[in-house]
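Novice: Structure in structure tokens, see below.
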Amino acid sequence: MNESTAKFKPGERVRVRFEDRPGHIRTPWYIRGKTGSVERIHGEFLNPESLGHGGDGLPKKILYSVAFQQGEVWERYDVTQDKLVVDIFEHWLDPAN
Amino acid sequence: MSVDHSTDSHGHEHPKHELSAVARRVYAIRELLLEKGVLSEHDIRCQIEYQEARSPVNGAKIVARAWTDPAYKTRLIADPKAACLELGIDATSINEFVVLENMEKVRHMVVCTLCSCYPRAILGRPPDWYKSFNYRQRSVSDPRSVMREFGLNLPDDVEVRVHDSTADIRYLVLPLRPKGTENLSAAELERLITRDSMIGVMDALPEVPK
Amino acid sequence: MARGHHDVGGLAGAGPIDQSQHELADWEILADAINQALGAKGIRRTDELRRVREEMESDAYQGMSYYERWIASMETILLEKKILTRDEIDRKLAEFEKKWGEP
């Protein structure tokens, strides 16, 4: 696994793109537009958006586990320290500036 | 051409004329795939056997070993597939396997909100509730209420981390070893480790069930 | 474009979790095995199956049980890939139904 090609580093703040496009998307609706921190880089995997439609899944995409504060995802969430960790592909993430 | 029906009955026998319109189509599909040589009886039988060999018993073995052998636990967390293989458990079909270690002040819970991704290679088929809309909807936005339904009430100073396995990662929760279990045998420890504790909706059982 | 019917994380209105477990019927075990076998042979990708399920009509999706959705998705993929035709499946099923009859 070539971590050096990963755009984001563990600890870095990232925002999930808010896109509404057709296709086989594995970025859940509830997390689009939200900001979290990269927890882990999992390496490259075949792109499900291509595989879903009979494609070969190339080029592979880097997959991250991104951690979100629950209080920043939902309008009402009472326990401050709880987290939501979602596995998101690099092409769905932007730096959170 | 006669087709061997040895892969027909492995579960609950349902009179076929009572099956729904969709359900009954599987028999036609099976027959056609066999006739056309797309699949063989052997292919289907292998999958049935593969699935039957997989159950939470595997997970319990892994967890019990991690509880009693700190070096194994370290290896398990660093490279779960290799650690499983040490115990003769084949997790090679999992693309990326991650073990989530519960701690006094941290609990993990796993869901697949988009479908029903689950570490089948270790635990076998997911329970019906794991695949239900109610679980998939509530686990991410209100995990503590889900845990309460399973009997787990956590104080606010414990961090709850929900993992939505949306892609190639498959997760296994390593539950906390309950206090007072120092003198239990491996077999007894394994009985504390329920499937639901490895999904993370509850802790391991505090004592061996009667 | 709307949120997919399968994309249910965080949706309101969910009730208590039914913890009952049904024993798998023959047809469900078979559906599971055929599906996995098709995957093992590289005939279909897991993501193709998921995509087909996501594209199902909402009513159909909601109305079917878990393994019924798998069977419907599997059929769609086999038709898409021209491995089987709907006609063939219908005809084969009609043959079976003659045999199954009523008790």
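Labels used: A, B, ... for chains in the order of the structure tokens, numbers from 1 for residues in each chain, and numbers from 1 for ligands as shown.
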Running DSSP on the backbone, which parts of range 16-193 of chain B land in strand (DSSP E), as a PyMOL selection string?
Specialist: chain B and resi 96-101+106-111+159-164+169-174
Novice: I'd like the neighbourhood of Leu84 in chain C as JSON, numbers by chain, where a residue qualifies if any of its atoms comes within 12 Å (using only C-alpha atoms), though same-chain residues fewer than 4 positions away should be ignored.
Specialist: {"B": [28, 29, 30, 31, 32, 33, 34, 35, 36, 37, 38], "C": [74, 75, 76, 77, 78, 79, 80, 88, 89, 90, 91, 92]}
Novice: Go ahead and write the residues just picked, C-alpha atoms, as a tab-separated table (two decimals), in the first residue's frame.
Specialist:
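Result file follows (selection.tsv):
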chain	number	residue	atom	x	y	z
B	28	ALA	CA	-35.78	-21.83	-11.94
B	29	ILE	CA	-32.63	-19.73	-11.89
B	30	ARG	CA	-30.67	-22.52	-10.26
B	31	GLU	CA	-31.82	-25.13	-12.75
B	32	LEU	CA	-31.01	-22.91	-15.73
B	33	LEU	CA	-27.57	-21.96	-14.42
B	34	LEU	CA	-26.75	-25.64	-13.95
B	35	GLU	CA	-28.13	-26.64	-17.35
B	36	LYS	CA	-26.09	-23.94	-19.07
B	37	GLY	CA	-22.96	-24.84	-17.16
B	38	VAL	CA	-22.67	-21.38	-15.63
C	74	MET	CA	-29.59	-11.61	-9.12
C	75	GLU	CA	-32.17	-12.14	-11.85
C	76	THR	CA	-31.75	-8.57	-13.07
C	77	ILE	CA	-27.99	-8.97	-13.31
C	78	LEU	CA	-28.23	-12.30	-15.09
C	79	LEU	CA	-30.60	-10.68	-17.60
C	80	GLU	CA	-28.38	-7.60	-17.96
C	88	GLU	CA	-36.44	-18.90	-19.99
C	89	ILE	CA	-36.92	-18.29	-16.28
C	90	ASP	CA	-40.68	-17.93	-16.65
C	91	ARG	CA	-40.89	-21.14	-18.69
C	92	LYS	CA	-38.71	-23.12	-16.31
Novice: Would you kindly report the residues of chain C within 8 Å of chain A, using only C-alpha atoms, as an NGL selection string?
Specialist: :C and (1-3 or 7 or 9-10 or 45-51 or 54)
Novice: Could you pull out the helix (DSSP H, G or I) residues of chain A, going by DSSP on the backbone, and write them as a PyMOL selection string?
Specialist: chain A and resi 3-5+29-31+48-51+70-73+90-92
Novice: Grab the residues selected above and save them as a PDB file, in the first residue's frame with N, CA and C atoms.
Specialist:
ATOM      1  N   GLU A   3       1.009   4.659   0.967  1.00  0.00           N
ATOM      2  CA  GLU A   3       0.400   5.744   1.738  1.00  0.00           C
ATOM      3  C   GLU A   3       0.862   7.106   1.285  1.00  0.00           C
ATOM      4  N   SER A   4       2.032   7.160   0.664  1.00  0.00           N
ATOM      5  CA  SER A   4       2.568   8.461   0.281  1.00  0.00           C
ATOM      6  C   SER A   4       1.736   9.127  -0.803  1.00  0.00           C
ATOM      7  N   THR A   5       0.915   8.335  -1.493  1.00  0.00           N
ATOM      8  CA  THR A   5       0.079   8.962  -2.519  1.00  0.00           C
ATOM      9  C   THR A   5      -1.219   9.494  -1.925  1.00  0.00           C
ATOM     10  N   TRP A  29     -25.783   9.563   2.545  1.00  0.00           N
ATOM     11  CA  TRP A  29     -26.385  10.896   2.463  1.00  0.00           C
ATOM     12  C   TRP A  29     -26.141  11.707   3.722  1.00  0.00           C
ATOM     13  N   TYR A  30     -26.290  11.074   4.877  1.00  0.00           N
ATOM     14  CA  TYR A  30     -26.270  11.815   6.147  1.00  0.00           C
ATOM     15  C   TYR A  30     -24.910  12.470   6.415  1.00  0.00           C
ATOM     16  N   ILE A  31     -23.856  11.997   5.777  1.00  0.00           N
ATOM     17  CA  ILE A  31     -22.517  12.506   6.080  1.00  0.00           C
ATOM     18  C   ILE A  31     -22.031  13.519   5.035  1.00  0.00           C
ATOM     19  N   PRO A  48     -16.031   1.500  -6.207  1.00  0.00           N
ATOM     20  CA  PRO A  48     -17.349   0.863  -6.311  1.00  0.00           C
ATOM     21  C   PRO A  48     -18.262   1.549  -7.329  1.00  0.00           C
ATOM     22  N   GLU A  49     -18.037   2.844  -7.545  1.00  0.00           N
ATOM     23  CA  GLU A  49     -18.894   3.567  -8.487  1.00  0.00           C
ATOM     24  C   GLU A  49     -18.709   3.037  -9.904  1.00  0.00           C
ATOM     25  N   SER A  50     -17.518   2.531 -10.169  1.00  0.00           N
ATOM     26  CA  SER A  50     -17.244   1.916 -11.471  1.00  0.00           C
ATOM     27  C   SER A  50     -17.710   0.458 -11.458  1.00  0.00           C
ATOM     28  N   LEU A  51     -17.377  -0.267 -10.405  1.00  0.00           N
ATOM     29  CA  LEU A  51     -17.734  -1.691 -10.306  1.00  0.00           C
ATOM     30  C   LEU A  51     -19.242  -1.890 -10.399  1.00  0.00           C
ATOM     31  N   GLN A  70     -20.402  13.382  16.793  1.00  0.00           N
ATOM     32  CA  GLN A  70     -21.833  13.150  16.579  1.00  0.00           C
ATOM     33  C   GLN A  70     -22.615  14.461  16.642  1.00  0.00           C
ATOM     34  N   GLY A  71     -22.211  15.323  17.544  1.00  0.00           N
ATOM     35  CA  GLY A  71     -22.891  16.610  17.701  1.00  0.00           C
ATOM     36  C   GLY A  71     -22.793  17.491  16.470  1.00  0.00           C
ATOM     37  N   GLU A  72     -21.850  17.200  15.577  1.00  0.00           N
ATOM     38  CA  GLU A  72     -21.696  17.997  14.351  1.00  0.00           C
ATOM     39  C   GLU A  72     -22.398  17.338  13.165  1.00  0.00           C
ATOM     40  N   VAL A  73     -22.904  16.131  13.383  1.00  0.00           N
ATOM     41  CA  VAL A  73     -23.601  15.448  12.283  1.00  0.00           C
ATOM     42  C   VAL A  73     -25.108  15.610  12.407  1.00  0.00           C
ATOM     43  N   GLU A  90     -11.361   8.953  -1.169  1.00  0.00           N
ATOM     44  CA  GLU A  90     -10.663  10.236  -1.286  1.00  0.00           C
ATOM     45  C   GLU A  90     -11.363  11.236  -2.189  1.00  0.00           C
ATOM     46  N   HIS A  91     -11.974  10.729  -3.279  1.00  0.00           N
ATOM     47  CA  HIS A  91     -12.585  11.669  -4.224  1.00  0.00           C
ATOM     48  C   HIS A  91     -13.867  12.294  -3.692  1.00  0.00           C
ATOM     49  N   TRP A  92     -14.269  11.889  -2.487  1.00  0.00           N
ATOM     50  CA  TRP A  92     -15.421  12.504  -1.847  1.00  0.00           C
ATOM     51  C   TRP A  92     -15.001  13.492  -0.757  1.00  0.00           C
TER      52      TRP A  92
END
Novice: Dump as a compact mmCIF listing (two decimals) with C-alpha atoms, in the first residue's frame the residues of chain C that approach chain B to within 7 Å, counting only C-alpha atoms.
Specialist:
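Printed below is out35.txt as written:
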# COMPACT_ATOMS: atom_id res chain seq x y z
CA HIS C 6 -31.37 2.12 0.64
CA ASP C 7 -29.51 5.12 2.10
CA VAL C 8 -31.31 5.09 5.42
CA GLY C 9 -28.72 6.12 8.02
CA GLY C 10 -30.19 8.70 10.39
CA LEU C 11 -33.70 8.76 8.93
CA ALA C 14 -37.42 4.18 13.09
CA GLY C 15 -38.99 1.97 15.72
CA PRO C 16 -37.64 -0.59 18.19
CA ILE C 17 -35.34 -3.24 16.84
CA ASP C 18 -37.01 -6.60 16.37
CA GLN C 19 -34.48 -9.06 17.73
CA GLN C 21 -34.41 -14.44 14.25
CA GLU C 23 -34.46 -19.86 10.61
CA LEU C 24 -33.40 -19.65 7.00
CA ALA C 25 -35.64 -21.47 4.54
CA ASP C 26 -34.26 -23.72 1.78
CA TRP C 27 -34.84 -21.11 -0.83
CA ILE C 29 -29.95 -20.69 1.69
CA ALA C 31 -30.31 -17.80 -2.98
CA ALA C 33 -25.26 -19.87 -2.16
CA ILE C 34 -26.01 -19.11 -5.81
CA GLN C 36 -21.93 -16.21 -3.56
CA ALA C 37 -21.05 -18.76 -6.26
CA GLU C 68 -36.33 -11.86 -2.11
CA ILE C 71 -33.17 -13.07 -5.90
CA ALA C 72 -34.73 -10.18 -7.78
CA ILE C 89 -36.92 -18.29 -16.28
CA LYS C 92 -38.71 -23.12 -16.31
CA LEU C 93 -40.74 -21.86 -13.38
CA TRP C 100 -45.27 -28.55 -7.18
CA GLY C 101 -49.03 -28.22 -7.53
CA GLU C 102 -51.15 -28.14 -4.41
Novice: Using 7 Å as the limit and counting only C-alpha atoms, can you tabulate each residue of chain A that touches chain B, with its shortest atom-to-atom distance in Å and the two atoms involved, as a tab-separated table?
Specialist:
residue	atom	partner	partner_atom	distance
A:Arg26	CA	B:Thr166	CA	5.8
A:Trp74	CA	B:Ser141	CA	6.9
A:Val79	CA	B:Asp156	CA	6.3
A:Gln81	CA	B:Glu159	CA	5.7
A:Asp82	CA	B:Val160	CA	4.9
A:Lys83	CA	B:Arg161	CA	4.7
A:Leu84	CA	B:Val162	CA	4.9
A:Val85	CA	B:His163	CA	4.8
A:Val86	CA	B:Asp164	CA	5.1
A:Asp87	CA	B:Thr166	CA	5.7
Novice: Take the residues just selected and output them with C-alpha atoms as a PDB file, in the first residue's frame.
Specialist:
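As a result, out-v8.pdb now contains:
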ATOM      1  CA  ARG A  26     -21.051   4.498  -1.086  1.00  0.00           C
ATOM      2  CA  TRP A  74     -27.045  15.542  13.876  1.00  0.00           C
ATOM      3  CA  VAL A  79     -23.290  13.200  24.454  1.00  0.00           C
ATOM      4  CA  GLN A  81     -17.648  12.890  23.057  1.00  0.00           C
ATOM      5  CA  ASP A  82     -19.427  10.305  20.888  1.00  0.00           C
ATOM      6  CA  LYS A  83     -18.077   9.781  17.394  1.00  0.00           C
ATOM      7  CA  LEU A  84     -19.267   8.477  14.066  1.00  0.00           C
ATOM      8  CA  VAL A  85     -16.600   6.863  11.906  1.00  0.00           C
ATOM      9  CA  VAL A  86     -17.372   6.443   8.214  1.00  0.00           C
ATOM     10  CA  ASP A  87     -15.242   4.844   5.506  1.00  0.00           C
TER      11      ASP A  87
END
